[in-house]
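Shown below: structure.txt, with compact mmCIF, C-alpha atoms.
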# COMPACT_ATOMS: atom_id res chain seq x y z
CA MET A 1 -10.50 8.20 7.13
CA SER A 2 -14.16 7.59 7.97
CA ASP A 3 -15.91 5.45 10.54
CA PHE A 4 -19.26 4.86 8.93
CA LYS A 5 -21.29 1.77 9.68
CA TRP A 6 -21.57 -0.48 6.66
CA THR A 7 -24.63 -2.69 6.27
CA ASP A 8 -24.22 -6.19 4.93
CA ARG A 9 -25.80 -5.08 1.69
CA GLU A 10 -23.36 -2.17 1.38
CA LYS A 11 -20.41 -4.43 2.17
CA LYS A 12 -21.49 -6.84 -0.53
CA LEU A 13 -21.96 -4.05 -3.05
CA ALA A 14 -18.59 -2.51 -2.16
CA ARG A 15 -16.86 -5.85 -2.51
CA GLN A 16 -18.43 -6.45 -5.89
CA VAL A 17 -17.55 -3.00 -7.27
CA PHE A 18 -14.04 -3.24 -5.84
CA ASP A 19 -13.37 -6.74 -7.21
CA THR A 20 -14.76 -5.89 -10.62
CA ALA A 21 -12.55 -2.79 -10.91
CA LEU A 22 -9.48 -4.65 -9.66
CA HIS A 23 -10.06 -7.51 -12.06
CA ALA A 24 -10.51 -5.10 -14.98
CA GLU A 25 -7.36 -3.17 -14.09
CA LEU A 26 -5.30 -6.35 -13.75
CA THR A 27 -6.63 -7.53 -17.10
CA ASP A 28 -5.51 -4.21 -18.61
CA LEU A 29 -2.06 -4.60 -17.06
CA MET A 30 -1.68 -8.14 -18.39
CA ALA A 31 -2.49 -6.89 -21.88
CA ARG A 32 -0.05 -3.99 -21.54
CA CYS A 33 2.68 -6.31 -20.30
CA LYS A 34 2.22 -8.64 -23.26
CA SER A 35 2.29 -5.71 -25.63
CA ASP A 36 5.35 -4.10 -23.97
CA ALA A 37 7.22 -7.40 -23.96
CA ALA A 38 6.43 -8.05 -27.61
CA ALA A 39 7.92 -4.63 -28.42
CA ILE A 40 11.26 -5.33 -26.68
CA THR A 41 14.17 -4.82 -29.05
CA GLU A 42 17.13 -4.20 -26.73
CA PRO A 43 18.30 -5.21 -23.26
CA ASP A 44 17.38 -1.89 -21.63
CA ASP A 45 13.76 -2.57 -22.61
CA LEU A 46 13.90 -5.61 -20.29
CA TRP A 47 14.89 -3.56 -17.27
CA GLU A 48 12.35 -0.87 -18.12
CA LEU A 49 9.66 -3.54 -18.18
CA GLU A 50 10.88 -4.77 -14.80
CA GLU A 51 10.57 -1.26 -13.34
CA ARG A 52 7.14 -0.82 -14.91
CA LEU A 53 5.88 -4.11 -13.44
CA SER A 54 7.28 -3.13 -10.07
CA ARG A 55 5.55 0.25 -10.23
CA TRP A 56 2.24 -1.37 -11.28
CA ARG A 57 2.42 -3.78 -8.36
CA ARG A 58 3.02 -0.97 -5.87
CA GLU A 59 0.20 1.09 -7.40
CA ILE A 60 -2.25 -1.81 -7.28
CA ASP A 61 -1.30 -2.58 -3.67
CA THR A 62 -1.78 1.05 -2.65
CA LYS A 63 -4.89 1.76 -4.66
CA TYR A 64 -6.94 -1.34 -3.90
CA ASP A 65 -7.21 -1.13 -0.12
CA PHE A 66 -10.39 -2.89 1.01
CA ARG A 67 -10.66 -1.46 4.50
CA TYR A 68 -14.07 0.09 5.05
CA ALA A 69 -12.55 3.28 6.41
CA GLN A 70 -10.55 3.60 3.19
CA LEU A 71 -13.25 2.64 0.71
CA PRO A 72 -14.67 6.15 0.13
CA LEU A 73 -11.21 7.29 -0.94
CA VAL A 74 -10.69 4.17 -3.04
CA PHE A 75 -14.00 4.65 -4.82
CA ALA A 76 -13.37 8.38 -5.33
CA ARG A 77 -10.11 7.56 -7.04
CA LEU A 78 -11.64 4.85 -9.19
CA LEU A 79 -14.41 7.25 -10.22
CA ARG A 80 -11.92 9.94 -11.13
CA GLU A 81 -9.92 7.45 -13.18
CA GLY A 82 -13.08 6.31 -14.95
CA ARG A 83 -12.60 2.76 -13.68
CA ILE A 84 -16.03 2.70 -12.08
CA GLN A 85 -19.22 4.65 -12.73
CA ALA A 86 -21.26 6.54 -10.15
CA GLU A 87 -24.26 4.30 -10.84
CA GLN A 88 -22.36 1.30 -9.53
CA LEU A 89 -22.25 2.91 -6.08
CA ALA A 90 -25.92 3.87 -6.01
CA GLY A 91 -26.67 1.31 -3.28
CA LEU A 92 -24.37 2.97 -0.74
CA GLY A 93 -25.77 5.17 2.03
CA PRO A 94 -25.97 8.94 1.40
CA GLU A 95 -23.28 9.72 4.01
CA LYS A 96 -20.78 7.60 2.03
CA LEU A 97 -21.83 8.95 -1.34
CA ASP A 98 -21.56 12.47 0.03
CA LEU A 99 -18.04 11.90 1.32
CA ILE A 100 -17.00 10.41 -2.02
CA LYS A 101 -18.49 13.42 -3.82
CA ARG A 102 -16.63 15.82 -1.54
CA MET A 103 -13.39 13.95 -2.12
CA LEU A 104 -13.90 14.28 -5.85
CA GLN A 105 -14.22 18.04 -5.47
CA ILE A 106 -10.82 18.40 -3.85
CA MET B 1 41.40 -12.95 -7.46
CA SER B 2 44.45 -12.80 -9.72
CA ASP B 3 46.90 -10.06 -10.59
CA PHE B 4 48.21 -11.16 -13.96
CA LYS B 5 49.46 -8.65 -16.47
CA TRP B 6 47.21 -8.47 -19.50
CA THR B 7 48.70 -7.54 -22.87
CA ASP B 8 46.75 -5.27 -25.21
CA ARG B 9 46.04 -8.25 -27.40
CA GLU B 10 44.71 -10.26 -24.46
CA LYS B 11 42.60 -7.34 -23.32
CA LYS B 12 41.09 -7.02 -26.76
CA LEU B 13 40.39 -10.75 -26.97
CA ALA B 14 38.88 -10.79 -23.48
CA ARG B 15 36.64 -7.85 -24.30
CA GLN B 16 35.44 -9.49 -27.48
CA VAL B 17 34.67 -12.86 -25.85
CA PHE B 18 33.01 -11.10 -22.91
CA ASP B 19 30.86 -8.82 -25.06
CA THR B 20 29.83 -11.63 -27.39
CA ALA B 21 28.72 -13.83 -24.48
CA LEU B 22 26.91 -10.96 -22.78
CA HIS B 23 25.12 -10.01 -25.97
CA ALA B 24 24.09 -13.62 -26.59
CA GLU B 25 22.80 -14.04 -23.05
CA LEU B 26 20.83 -10.79 -23.20
CA THR B 27 19.35 -11.90 -26.51
CA ASP B 28 18.28 -15.17 -24.85
CA LEU B 29 16.70 -13.26 -21.98
CA MET B 30 14.79 -10.98 -24.33
CA ALA B 31 13.38 -14.04 -26.11
CA ARG B 32 12.47 -15.69 -22.79
CA CYS B 33 10.77 -12.52 -21.57
CA LYS B 34 8.67 -12.28 -24.73
CA SER B 35 7.72 -15.93 -24.43
CA ASP B 36 6.93 -15.69 -20.68
CA ALA B 37 4.84 -12.55 -21.20
CA ALA B 38 2.91 -14.14 -24.06
CA ALA B 39 2.05 -17.03 -21.71
CA ILE B 40 0.61 -14.79 -18.97
CA THR B 41 -2.94 -15.83 -18.10
CA GLU B 42 -3.46 -14.47 -14.59
CA PRO B 43 -2.28 -11.53 -12.47
CA ASP B 44 0.20 -13.58 -10.42
CA ASP B 45 2.04 -14.34 -13.66
CA LEU B 46 2.77 -10.59 -13.92
CA TRP B 47 4.46 -10.47 -10.54
CA GLU B 48 6.35 -13.67 -11.24
CA LEU B 49 7.68 -12.10 -14.42
CA GLU B 50 8.71 -9.04 -12.43
CA GLU B 51 10.66 -11.24 -9.98
CA ARG B 52 12.23 -13.17 -12.83
CA LEU B 53 13.37 -9.99 -14.58
CA SER B 54 14.77 -8.70 -11.31
CA ARG B 55 16.69 -11.94 -10.74
CA TRP B 56 18.03 -11.90 -14.31
CA ARG B 57 19.27 -8.33 -13.87
CA ARG B 58 21.07 -9.20 -10.62
CA GLU B 59 22.59 -12.31 -12.21
CA ILE B 60 23.81 -10.41 -15.27
CA ASP B 61 25.29 -7.67 -13.09
CA THR B 62 27.10 -10.20 -10.93
CA LYS B 63 28.24 -12.55 -13.66
CA TYR B 64 29.53 -10.06 -16.22
CA ASP B 65 32.24 -8.31 -14.23
CA PHE B 66 34.88 -6.96 -16.62
CA ARG B 67 37.66 -6.38 -14.11
CA TYR B 68 40.84 -8.12 -15.21
CA ALA B 69 41.33 -9.71 -11.79
CA GLN B 70 37.84 -11.20 -12.08
CA LEU B 71 38.00 -12.32 -15.71
CA PRO B 72 39.41 -15.82 -15.11
CA LEU B 73 36.46 -16.55 -12.83
CA VAL B 74 34.02 -14.98 -15.29
CA PHE B 75 35.37 -17.05 -18.16
CA ALA B 76 35.41 -20.25 -16.07
CA ARG B 77 31.74 -19.74 -15.30
CA LEU B 78 30.86 -18.98 -18.92
CA LEU B 79 32.73 -22.11 -20.02
CA ARG B 80 30.91 -24.25 -17.46
CA GLU B 81 27.58 -22.85 -18.62
CA GLY B 82 28.47 -23.55 -22.24
CA ARG B 83 28.16 -19.85 -23.08
CA ILE B 84 31.70 -19.71 -24.46
CA GLN B 85 33.99 -22.38 -25.88
CA ALA B 86 37.60 -23.02 -24.79
CA GLU B 87 38.84 -22.22 -28.32
CA GLN B 88 37.62 -18.63 -27.94
CA LEU B 89 40.15 -18.10 -25.13
CA ALA B 90 43.09 -19.68 -26.98
CA GLY B 91 44.85 -16.33 -27.32
CA LEU B 92 45.20 -15.83 -23.56
CA GLY B 93 48.50 -16.50 -21.80
CA PRO B 94 49.06 -19.95 -20.27
CA GLU B 95 48.97 -18.63 -16.69
CA LYS B 96 45.42 -17.38 -17.26
CA LEU B 97 44.28 -20.50 -19.08
CA ASP B 98 45.77 -22.61 -16.30
CA LEU B 99 43.92 -20.67 -13.60
CA ILE B 100 40.66 -20.98 -15.54
CA LYS B 101 41.23 -24.71 -15.91
CA ARG B 102 41.90 -25.09 -12.19
CA MET B 103 38.76 -23.13 -11.40
CA LEU B 104 36.77 -25.48 -13.59
CA GLN B 105 38.08 -28.45 -11.60
CA ILE B 106 36.73 -27.13 -8.31

Please, can you express the file's structure as structure tokens?
Amino acid sequence: MSDFKWTDREKKLARQVFDTALHAELTDLMARCKSDAAAITEPDDLWELEERLSRWRREIDTKYDFRYAQLPLVFARLLREGRIQAEQLAGLGPEKLDLIKRMLQI
Amino acid sequence: MSDFKWTDREKKLARQVFDTALHAELTDLMARCKSDAAAITEPDDLWELEERLSRWRREIDTKYDFRYAQLPLVFARLLREGRIQAEQLAGLGPEKLDLIKRMLQI
């Protein structure tokens, strides 16, 4: 994906932004699961919830990939989804911010 | 499993007992799912609920097998689990009741 050097400060920032977004998304999913379960009225709703949980798990696993080479793509996606704000990434080097910006233009 | 002849009356009785037990078990599972979801406090609880739902679905699929050759085994299991009562099967022929009884003694 990319083979930039990451300084310790950038690694720490990336970890913090990543963890905060992951935690917020998991908190959202817990709330949605509670709400979906409360709305169950027939057996098929059970199996639909199972499929939904399974899809969420796969999406989380795919989306939150903390390998440095993958992080620009991860952050571009989180920006596009509105899960993080550009200001949170301000401490990253310009080569990384530029790649993220170019990914967002695709 | 068994190749008994089933009269129309027996088939109707079997279907009714089967459907009633299945409906009751699915109703139990819906209540358990709602309760388990309401108790979710951390992300791992989500994935545990997913696994639980998946296991329930497999168990229901395996347990509720409405093929006449399988029904004695199905009813024996439901009796052992307390999901049906012996009186509900009273309209079945003695050869079927005997097989069910022998299965329960295993």

Point to revise | Contacts of Met30 in chain A at 10 Å (only C-alpha atoms; same-chain gap of 3+ positions) as a PyMOL selection string | key: (chain A and resi 24-27+33-36+53) or (chain B and resi 37-38+40-46)

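We find CA of Tyr68 in chain B and CA of Trp56 in chain B to be spaced 23.1 Å apart.
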
Practice item. Would you please work out which residue, of A:Asp19, A:Asp8, A:Ser2, A:Arg32, is nearest to Met103 in chain A when using all atoms listed in the file? Key: A:Ser2

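With only the atoms specified (only C-alpha atoms) counting, those residues at most 7 Å away from (48.4, -12.2, -18.4) are Phe4, Lys5, Trp6, Thr7, Gly93, Glu95 and Lys96 of chain B.
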
Could you write out that same residue set with C-alpha atoms as a compact mmCIF listing (two decimals), keeping the file's coordinate frame?
# COMPACT_ATOMS: atom_id res chain seq x y z
CA PHE B 4 48.21 -11.16 -13.96
CA LYS B 5 49.46 -8.65 -16.47
CA TRP B 6 47.21 -8.47 -19.50
CA THR B 7 48.70 -7.54 -22.87
CA GLY B 93 48.50 -16.50 -21.80
CA GLU B 95 48.97 -18.63 -16.69
CA LYS B 96 45.42 -17.38 -17.26

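Using all atoms listed in the file, the nearest neighbour of chain B within the list A:Ala14, A:Leu29, A:Ile106, A:Ala21 is A:Leu29.
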
Practice item. May I ask for the distance between CA of Leu97 in chain A and CA of Lys63 in chain A, given in Å to one decimal place? Key: 18.7 Å

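Here CA of Leu78 in chain A stands at a distance of 22.3 Å from CA of Trp47 in chain B.
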
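Considering all atoms listed in the file, the residue among A:Leu71, A:Leu99, A:Leu49, A:Leu79 positioned nearest to chain B is A:Leu49.
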
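Using only C-alpha atoms, the nearest neighbour of Glu81 in chain B within the list B:Asp61, B:Gln16, B:Ala69, B:Leu104 is B:Leu104.
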
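Distance check against Leu73 in chain B using all atoms listed in the file: of B:Ala31, B:Ile100, B:Leu92, B:Ala39, the minimum falls on B:Ile100.
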
Check your understanding: Given the choices B:Arg83, B:Arg102, B:Phe75, B:Pro94, which gets closest to His23 in chain B if the distance is worked out from only C-alpha atoms?
Key -> B:Arg83

**Study point:** Non-local contacts of Phe66 in chain B (9 Å; all atoms listed in the file; under 6 positions in same chain excluded) as number ranges by chain
**Key:** B: 14-15, 18, 74
